[in-house]
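**Student:** What follows is a single structure, and I will ask about it in a moment.
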Amino acid sequence: MSLEHLDAAPPQSAPGALQTGMTQLLVCGDSGCRSSGGDAVLAALQEAVRRAGAEGQIQLVRTGCHGFCEAGPVVLVEPVHAFYCRVNESDAADMVAAARRGEVLERLLYRPDPQAPPVVHPEDIPFYQKQVKRVLARCGRIDPEEIGDYLAAGGYQALAKALHQMTPEQVIEEVKRSGLRGRGGGGFPTGLKWQLTRQAQGSPKYVICNADEGDPGAFMDRSVLEGDPHSVVEGLILCAYAVGASEGFIYVRAEYPMAVKTLRRAIAQARERGFLGRNILGSGMDFELHIKEGAGAFVCGEETALMASIEGRRGMPRPRPPFPAQSGLWGKPTNINNVETYANVPMIITRGADWYAALGTERSKGTKVFALTGRINHTGLVEVPMGITLREIIYDVGGGIRGGRKFKAVQIGGPSGGCLSAQHLDLPIDYDSLTAAGAMMGSGGLVTLDETTCMVDLARFFMNFMRNESCGKCTPCREGTQRMLETLERICGGQGTLDDLSYLEKTGQVMKRASLCGLGQTAPNPVLSTLRYFRAEYEAHILEHRCPAGVCKALLAYYIEADLCRGCGKCARQCPAGAITGEPKHPYQIDPEKCVRCGGCVDACAFDAVRTA
Amino acid sequence: MANGAQDGSRLVQVQAPAQRFAYLQAAVDDAAAEGQRGEELLIPLLQAVQGKFGYLPAEDLAAVAEILHVPLSRVYGVATFYNQFRLTPVGKHIIRSCTGTACHVKGAQMLRDALQAELGIAPGQTTPDGRFTWELVACLGACGMAPVIMIDDEFHGRLTPQQLPRILRTYSA
């Protein structure tokens with residue numbers, strides 16, 4: 001297929017594309033909605049359409065993530081453009097009936113609160129209002145398994161434009177001028193990276209997509225791969241053209257089987273259409289793309305470890321320089337970027353660097369996708385312009401803290417990132433502001449915390465993760481994570497001293513300076529940032545033997561408030577240790593010697609009589 | 001020794017294996033059709049072994065070493081480096097408990113305590129009846145539905161300890 005063919009194909013006629021004149025039900029098939037019953041909804045809808053004999057009128061499409069996981073399973077109805085939330089199997093027949101009449105089923109619409117009028121269009125829902133969908137523009141709107149949908153939405157136009165109208169240098173120049181920076185963590189300028197690989201001596205050259213999204217609390221890359229795989233494939237081909245590579249790899253983590261399946265199909269379809277393989281679009285360019293499935297190692301998100309893993313070895317990093325641009329995969333010049341970075345490239349080529357750079361802050365352009373999770377009302381996948389404040393993300397997009405509790409902190413950037421407190425709520429988010437505050441953009445995990453989260457316990461949680469995932473090659477990381485974890489466990493257990501705090505800071509600084517790779521260099525961040533902003537909480541554990549959030553079990557004592565206890569005995573039946581005794585209709589007691597501090601009694605009590613001190 | 005990684009070339013001769021390991025040869029051929037050769041195949045081959053048996057039997061590890069012309073020690077080194085690979089057999093169903101951040105702040109520990117009580121085994125173990133193997137994983141990427149567990153290929157989200165027994169009963173022995 002040549003550029004002329006691509007232009008000549010009207011979007012509507014592309015096979016698999018959404019057919020005009022039909023009603024479409026776009027059912028979210030992403031993991032978030034699947035875990036709340038999305039598969040059953042889709043099956044029920046298929047059955048309902050069949051029973052109604054409406055196959056010619058209603059098209060069911062299983063799409064990628066719509067973002068609003070909290071409201072899942074979600075369904076978008078076109079062309080009435082109505083957004084249904086928390087859809088149940090039993091709603092299927094009514095949805096089909098309403099769709100046939102061109103009506104909106106009011107009871108499934110979003111309501112900000114039970115008394116408020118329902119909201120029909122997704123753009124009017126507060127969760128979506130401050131978002132700018134660029135990378136996610138097609139997620140939830142197209143069938144990720146059909147290349148025709150992607151083509152109809154303007155897909156592969158950037159590739160055609162680059163191959164026929166631009167030199168590789170011009171592509172690099174455009175990406176440089178756009179100000180795009182790596183979305184995987186460090187924020188290195190993407191265009192500059194491409195230029196270094198292009199200029200490097202050596203042949204062949206490789207391009208790699210890092211889809212080893214290992215940060216706990218992050219699922220941006222998975223959603224892009226499962227919802228709009230061709231945007232990543234197209235970005236990779238553009239990169240290969242720019243740097244002069246003829247072979248590429250997408251390294252996907254083992255825990256994402258759906259993403260692998262979707263990508264395989266996308267690559268096969270792209271090959272069929274002549275976007276991959278020999279003589280792409282008649283331009284003379286050859287490019288082959290392979291999928292490499294990871295095998296479960298967090299450190300493989302580090303670029304040199306990832307390349308070792310592709311080569312079939314233990315995924316252990318090596319010192320840089322030489323950087324992959326000079327000596328990467330099999331010692332050849334290699335460009336490596338993450339999923340979201342590649343997904344940004346096609347729009348830069350199609351719409352131009354000026355359009356792209358018009359959004360964002362001075363040194364961080366475009367948008368960033370965040371996985372918004374934790375103790376927040378609207379969990380989900382959000383895409384916001386660079387420079388937005390944390391307050392806007394948490395309160396406007398995220399709908400505030402769950403249960404009317406108080407905001408305490410936000411953990412940003414995963415185990416390599418840090419915790420920011422209420423004083424940072426009005427900080428405009430970009431690469432540099434986050435680094436200055438002791439966190440980092442990371443890949444985009446954003447976990448919101450309220451007063452029920454213990455910051456010392458959270459630091460221990462991340463350090464435990466890093467200790468387990470340290471590859472063990474360099475001493476500062478291997479020993480440092482272990483010693484820091486032991487120290488944090490001591491503090492959580494009520495055995496800490498004030499000297500431990502200076503020990504944590506000192507060890508953390510050594511690890512930052514002396515570790516071989518990014519894993520060890522950033523592993524102390526969660527500890528150092530919580531020590532910086534939540535030191536009082538550490539001191540409460542050490543000096544008062546008290547966990548202010550009521551999380552660290554060794555420091556908790558459960559008791560029953562006699563005035564509130566009705567003597568129902570529910571807690572005693574729940575107790576796995578037989579620690580609760582009493583007579584019906586009289587206040588019960590907890591034996592602190594037998595209590596295993598599981599907290600089951602707190603949940604069991606309907607009168608809020610079980611308390612902790 | 002002809003070793004792909006050391007001399008920079010990716011070519012390694014492939015020997016014809018015994019009948020028992022024909023599936024490995026098929027995996028090598030599939031990969032060759034994709035243009036992948038030599039030591040690069042080590043992880044995909046181990047994944048093929050585990051896909052077939054659910055774990056890595058010792059004799060298959062030896063066969064992989066022979067096919068790729070690499071020392072068995074290197075195969076073992078890779079097999080033990082990555083969390084995905086197991087050297088012991090697994091149960092009929094695999095339960096994966098998410099230990100990610102979002103699940104952690106939403107009570108994943110309570111779910112693990114309840115699973116431990118329900119199954120009577122520790123993470124990493126298999127129930128004596130061979131029905132369940134229980135593993136802890138870093139993050140399943142379904143953070144919006146925290147806390148989450150995955151049984152085989154099915155997600156179970158927004159879980160409470162009370163829901164667990166009923167869910168486990170739906171998985172046959």
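Identifiers in the structure tokens: chain A, B, ... in order shown; residue index from 1 per chain; ligand index from 1 in order shown.
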Would you pick out the contacts of stretch 88-105 of chain B at 8 Å or less, using only C-alpha atoms, so that residues sharing its chain but fewer than 6 positions from it are not included, and give the list as a compact mmCIF listing (two decimals) with N, CA and C atoms, in the first residue's frame?

**Tutor:**
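The result, written out as out.txt:
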```
# COMPACT_ATOMS: atom_id res chain seq x y z
N PRO A 216 4.94 -1.05 40.92
CA PRO A 216 3.64 -1.37 41.52
C PRO A 216 2.80 -0.10 41.61
N GLY A 217 1.57 -0.18 41.17
CA GLY A 217 0.69 0.98 41.21
C GLY A 217 0.64 1.72 39.88
N THR A 373 -4.59 6.06 41.64
CA THR A 373 -5.11 4.99 42.49
C THR A 373 -4.99 5.37 43.95
N GLY A 374 -5.29 4.42 44.80
CA GLY A 374 -5.18 4.63 46.23
C GLY A 374 -6.50 5.08 46.83
N ARG A 375 -6.42 5.89 47.87
CA ARG A 375 -7.60 6.22 48.64
C ARG A 375 -8.29 7.45 48.08
N VAL A 447 -0.28 7.32 43.59
CA VAL A 447 -1.08 6.66 44.62
C VAL A 447 -1.41 7.68 45.71
N LEU A 449 -2.84 8.97 49.26
CA LEU A 449 -2.86 8.42 50.61
C LEU A 449 -3.63 9.34 51.54
N THR A 453 -2.99 5.82 56.09
CA THR A 453 -1.75 5.22 55.60
C THR A 453 -0.59 5.66 56.48
N PHE B 53 4.69 -27.73 31.00
CA PHE B 53 4.63 -28.50 32.24
C PHE B 53 4.17 -27.69 33.46
N GLY B 54 4.14 -26.37 33.32
CA GLY B 54 3.80 -25.56 34.48
C GLY B 54 5.00 -25.28 35.36
N TYR B 55 6.12 -25.97 35.11
CA TYR B 55 7.36 -25.72 35.82
C TYR B 55 8.51 -26.20 34.94
N LEU B 56 9.73 -26.12 35.45
CA LEU B 56 10.88 -26.49 34.62
C LEU B 56 11.49 -27.81 35.12
N PRO B 57 11.13 -28.95 34.51
CA PRO B 57 11.74 -30.21 34.92
C PRO B 57 13.24 -30.21 34.59
N ARG B 112 -4.24 -11.47 52.22
CA ARG B 112 -3.24 -12.52 52.28
C ARG B 112 -3.41 -13.35 53.56
N THR B 126 2.08 -25.07 47.39
CA THR B 126 0.94 -25.70 46.74
C THR B 126 0.16 -26.48 47.79
N THR B 127 -1.17 -26.43 47.71
CA THR B 127 -1.97 -27.15 48.69
C THR B 127 -1.71 -28.66 48.54
N GLY B 130 -3.12 -30.51 45.75
CA GLY B 130 -2.71 -30.11 44.42
C GLY B 130 -3.70 -29.20 43.72
N ARG B 131 -4.63 -28.63 44.49
CA ARG B 131 -5.68 -27.82 43.86
C ARG B 131 -5.18 -26.40 43.56
N PHE B 132 -4.49 -25.80 44.52
CA PHE B 132 -4.05 -24.42 44.35
C PHE B 132 -2.55 -24.25 44.58
N THR B 133 -1.92 -23.44 43.74
CA THR B 133 -0.60 -22.91 44.06
C THR B 133 -0.79 -21.43 44.30
N TRP B 134 -0.15 -20.92 45.34
CA TRP B 134 -0.36 -19.53 45.72
C TRP B 134 0.94 -18.75 45.58
N GLU B 135 0.88 -17.67 44.82
CA GLU B 135 2.07 -16.84 44.61
C GLU B 135 1.78 -15.38 44.93
N LEU B 136 2.82 -14.67 45.34
CA LEU B 136 2.71 -13.22 45.48
C LEU B 136 3.34 -12.59 44.24
N VAL B 137 2.68 -11.60 43.65
CA VAL B 137 3.27 -10.93 42.50
C VAL B 137 3.35 -9.42 42.77
N ALA B 138 4.26 -8.78 42.05
CA ALA B 138 4.55 -7.38 42.34
C ALA B 138 3.35 -6.49 42.06
N CYS B 139 2.80 -6.54 40.87
CA CYS B 139 1.64 -5.69 40.57
C CYS B 139 0.95 -6.28 39.37
N LEU B 140 -0.36 -6.45 39.46
CA LEU B 140 -1.11 -7.01 38.34
C LEU B 140 -1.58 -5.93 37.38
N CYS B 143 -4.90 -1.68 39.25
CA CYS B 143 -4.88 -0.89 40.49
C CYS B 143 -6.22 -0.21 40.77
N GLY B 144 -6.98 0.07 39.72
CA GLY B 144 -8.25 0.73 39.92
C GLY B 144 -9.23 -0.14 40.69
N ALA B 146 -8.29 -2.29 43.16
CA ALA B 146 -7.60 -2.80 44.34
C ALA B 146 -8.54 -3.00 45.52
N PRO B 147 -8.28 -4.01 46.37
CA PRO B 147 -7.25 -5.02 46.23
C PRO B 147 -7.67 -6.16 45.30
N VAL B 148 -6.69 -6.70 44.57
CA VAL B 148 -6.98 -7.64 43.50
C VAL B 148 -6.23 -8.96 43.71
N ILE B 149 -6.88 -10.07 43.38
CA ILE B 149 -6.14 -11.31 43.18
C ILE B 149 -6.50 -11.84 41.79
N MET B 150 -5.63 -12.69 41.26
CA MET B 150 -5.89 -13.28 39.96
C MET B 150 -5.85 -14.79 40.15
N ILE B 151 -6.88 -15.49 39.72
CA ILE B 151 -6.87 -16.94 39.77
C ILE B 151 -6.89 -17.43 38.34
N ASP B 152 -5.85 -18.18 37.97
CA ASP B 152 -5.60 -18.53 36.57
C ASP B 152 -5.62 -17.24 35.75
N TYR B 171 -13.57 -22.86 42.01
CA TYR B 171 -12.48 -23.50 41.27
C TYR B 171 -12.37 -24.96 41.68
N ALA B 173 -11.52 -29.01 42.13
CA ALA B 173 -10.33 -29.71 42.62
C ALA B 173 -9.68 -30.48 41.47
```

**Student:** List the neighbours of A:Gly400 out to 12 Å using only C-alpha atoms; skip same-chain residues closer than 6 positions along the sequence, and give me the result as a ChimeraX atom specification.

**Tutor:** /A:126-127,372-379,390-394,406-408,448-450

**Student:** I'd like the neighbourhood of A:Val224 as a PDB file with C-alpha atoms, in the first residue's frame, where a residue qualifies if any of its atoms comes within 8 Å (using only C-alpha atoms), though same-chain residues fewer than 6 positions away should be ignored.

**Tutor:**
```
ATOM      1  CA  GLY A  64      -9.423  -0.645  25.523  1.00  0.00           C
ATOM      2  CA  VAL A 135      -2.002   9.485  23.859  1.00  0.00           C
ATOM      3  CA  LEU A 136      -5.296   8.002  25.048  1.00  0.00           C
ATOM      4  CA  CYS A 139      -8.289   4.222  23.826  1.00  0.00           C
ATOM      5  CA  VAL A 339       5.594   2.790  25.440  1.00  0.00           C
ATOM      6  CA  GLU A 340       4.093   6.196  26.114  1.00  0.00           C
TER       7      GLU A 340
END
```

**Student:** Any idea which chain A residues end up within 6 Å of chain B if we count only C-alpha atoms, as a ChimeraX atom specification please?

**Tutor:** /A:31-32,35,69,216-217,219,295-297,311-312,314,373-374,379-380

**Student:** Could you find all residues in stretch 47-154 of chain B that DSSP calls alpha helix (DSSP H) from the backbone, and write them as a VMD selection string?

**Tutor:** chain B and resid 47 to 53 58 to 68 72 to 81 101 to 104 108 to 119

**Student:** Find the spatial neighbours of A:Arg483, counting only C-alpha atoms, within a cut-off of 12 Å - ignore same-chain residues fewer than 2 positions away - and output them as a list of chain:residue names.

**Tutor:**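 Counting only C-alpha atoms, the residues come to A:Arg460, A:Met463, A:Asn464, A:Met466, A:Arg467, A:Thr475, A:Pro476, A:Cys477, A:Arg478, A:Glu479, A:Gly480, A:Thr481, A:Leu485, A:Glu486, A:Thr487, A:Leu488, A:Glu489, A:Arg490, A:Asp500, A:Tyr503, A:Leu504, A:Glu505, A:Lys506, A:Thr507, A:Gly508, A:Met511, A:Pro524.
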
**Student:** Per DSSP on the backbone, what are the strand (DSSP E or B) residues of stretch 8-129 of chain A, as a VMD selection string?

**Tutor:** chain A and resid 23 to 28 58 to 63 75 to 78 82 to 84 109 to 110 119

**Student:** Which residues, written as a VMD selection string, have at least one atom at most 6 Å from stretch 236-251 of chain A, with only C-alpha atoms counted and residues fewer than 3 positions away on the same chain left out?

**Tutor:** chain A and resid 168 194 197 to 198 205 to 211 233 286 to 293

**Student:** How would the residues just chosen look if you wrote them out with N, CA and C atoms as a PDB file, in the first residue's frame?

**Tutor:**
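This went into result18.pdb:
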```
ATOM      1  N   PRO A 168      15.140  11.328   7.401  1.00  0.00           N
ATOM      2  CA  PRO A 168      15.285  10.921   8.802  1.00  0.00           C
ATOM      3  C   PRO A 168      15.708  12.094   9.695  1.00  0.00           C
ATOM      4  N   TRP A 194      17.505  10.049  19.833  1.00  0.00           N
ATOM      5  CA  TRP A 194      17.427   9.511  18.470  1.00  0.00           C
ATOM      6  C   TRP A 194      18.631   9.980  17.644  1.00  0.00           C
ATOM      7  N   THR A 197      21.760   8.031  18.411  1.00  0.00           N
ATOM      8  CA  THR A 197      21.758   6.701  17.791  1.00  0.00           C
ATOM      9  C   THR A 197      21.995   6.813  16.291  1.00  0.00           C
ATOM     10  N   ARG A 198      21.390   7.800  15.677  1.00  0.00           N
ATOM     11  CA  ARG A 198      21.569   7.984  14.223  1.00  0.00           C
ATOM     12  C   ARG A 198      23.040   8.235  13.908  1.00  0.00           C
ATOM     13  N   LYS A 205      21.556  -1.317  13.379  1.00  0.00           N
ATOM     14  CA  LYS A 205      21.076  -0.593  14.558  1.00  0.00           C
ATOM     15  C   LYS A 205      19.721  -1.171  14.974  1.00  0.00           C
ATOM     16  N   TYR A 206      19.428  -1.023  16.257  1.00  0.00           N
ATOM     17  CA  TYR A 206      18.166  -1.575  16.776  1.00  0.00           C
ATOM     18  C   TYR A 206      17.334  -0.498  17.455  1.00  0.00           C
ATOM     19  N   VAL A 207      16.030  -0.715  17.456  1.00  0.00           N
ATOM     20  CA  VAL A 207      15.154   0.104  18.305  1.00  0.00           C
ATOM     21  C   VAL A 207      14.404  -0.833  19.246  1.00  0.00           C
ATOM     22  N   ILE A 208      14.220  -0.358  20.473  1.00  0.00           N
ATOM     23  CA  ILE A 208      13.546  -1.173  21.480  1.00  0.00           C
ATOM     24  C   ILE A 208      12.457  -0.344  22.146  1.00  0.00           C
ATOM     25  N   CYS A 209      11.312  -0.997  22.372  1.00  0.00           N
ATOM     26  CA  CYS A 209      10.263  -0.368  23.171  1.00  0.00           C
ATOM     27  C   CYS A 209      10.252  -1.044  24.543  1.00  0.00           C
ATOM     28  N   ASN A 210      10.479  -0.250  25.561  1.00  0.00           N
ATOM     29  CA  ASN A 210      10.477  -0.765  26.931  1.00  0.00           C
ATOM     30  C   ASN A 210       9.040  -0.804  27.443  1.00  0.00           C
ATOM     31  N   ALA A 211       8.455  -1.994  27.446  1.00  0.00           N
ATOM     32  CA  ALA A 211       7.098  -2.168  27.971  1.00  0.00           C
ATOM     33  C   ALA A 211       7.144  -3.072  29.196  1.00  0.00           C
ATOM     34  N   VAL A 233       3.279   0.821  17.721  1.00  0.00           N
ATOM     35  CA  VAL A 233       3.955   0.212  16.575  1.00  0.00           C
ATOM     36  C   VAL A 233       4.365   1.299  15.577  1.00  0.00           C
ATOM     37  N   ASP A 286      13.233  -1.225   5.106  1.00  0.00           N
ATOM     38  CA  ASP A 286      12.890  -2.544   5.655  1.00  0.00           C
ATOM     39  C   ASP A 286      12.887  -2.451   7.170  1.00  0.00           C
ATOM     40  N   PHE A 287      11.893  -3.048   7.798  1.00  0.00           N
ATOM     41  CA  PHE A 287      11.874  -3.047   9.269  1.00  0.00           C
ATOM     42  C   PHE A 287      11.054  -4.223   9.771  1.00  0.00           C
ATOM     43  N   GLU A 288      11.669  -5.007  10.676  1.00  0.00           N
ATOM     44  CA  GLU A 288      10.977  -6.127  11.311  1.00  0.00           C
ATOM     45  C   GLU A 288      10.841  -5.838  12.799  1.00  0.00           C
ATOM     46  N   LEU A 289       9.693  -6.229  13.352  1.00  0.00           N
ATOM     47  CA  LEU A 289       9.423  -5.950  14.765  1.00  0.00           C
ATOM     48  C   LEU A 289       9.095  -7.257  15.483  1.00  0.00           C
ATOM     49  N   HIS A 290       9.773  -7.510  16.612  1.00  0.00           N
ATOM     50  CA  HIS A 290       9.540  -8.733  17.378  1.00  0.00           C
ATOM     51  C   HIS A 290       9.049  -8.394  18.779  1.00  0.00           C
ATOM     52  N   ILE A 291       8.311  -9.350  19.359  1.00  0.00           N
ATOM     53  CA  ILE A 291       7.905  -9.203  20.761  1.00  0.00           C
ATOM     54  C   ILE A 291       8.792 -10.088  21.613  1.00  0.00           C
ATOM     55  N   LYS A 292       9.296  -9.517  22.686  1.00  0.00           N
ATOM     56  CA  LYS A 292      10.038 -10.315  23.660  1.00  0.00           C
ATOM     57  C   LYS A 292       9.249 -10.290  24.956  1.00  0.00           C
ATOM     58  N   GLU A 293       8.898 -11.471  25.440  1.00  0.00           N
ATOM     59  CA  GLU A 293       8.174 -11.508  26.705  1.00  0.00           C
ATOM     60  C   GLU A 293       9.166 -11.571  27.853  1.00  0.00           C
TER      61      GLU A 293
END
```

**Student:** Which residues are near A:Pro118? Cut-off 7 Å, only C-alpha atoms, ignore same chain within fewer than 3 positions. Put them as a tab-separated table (two decimals) with C-alpha atoms, in the first residue's frame.

**Tutor:**
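What ended up in part.tsv:
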```tsv
chain	number	residue	atom	x	y	z
A	109	LEU	CA	-25.76	7.46	33.48
A	110	TYR	CA	-23.19	8.98	35.79
A	111	ARG	CA	-24.44	11.07	38.71
```

**Student:** Using only C-alpha atoms, can you tell me which of B:Gln125, B:Ala65, B:Gly120, B:Leu115 comes closest to B:Leu164?

**Tutor:** B:Leu115

**Student:** Could you tell me how far atom CA of A:Thr452 sits from atom CA of A:Val551, in Å to one decimal place?

**Tutor:**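 Rounded to one decimal, the two atoms are 7.3 Å apart.
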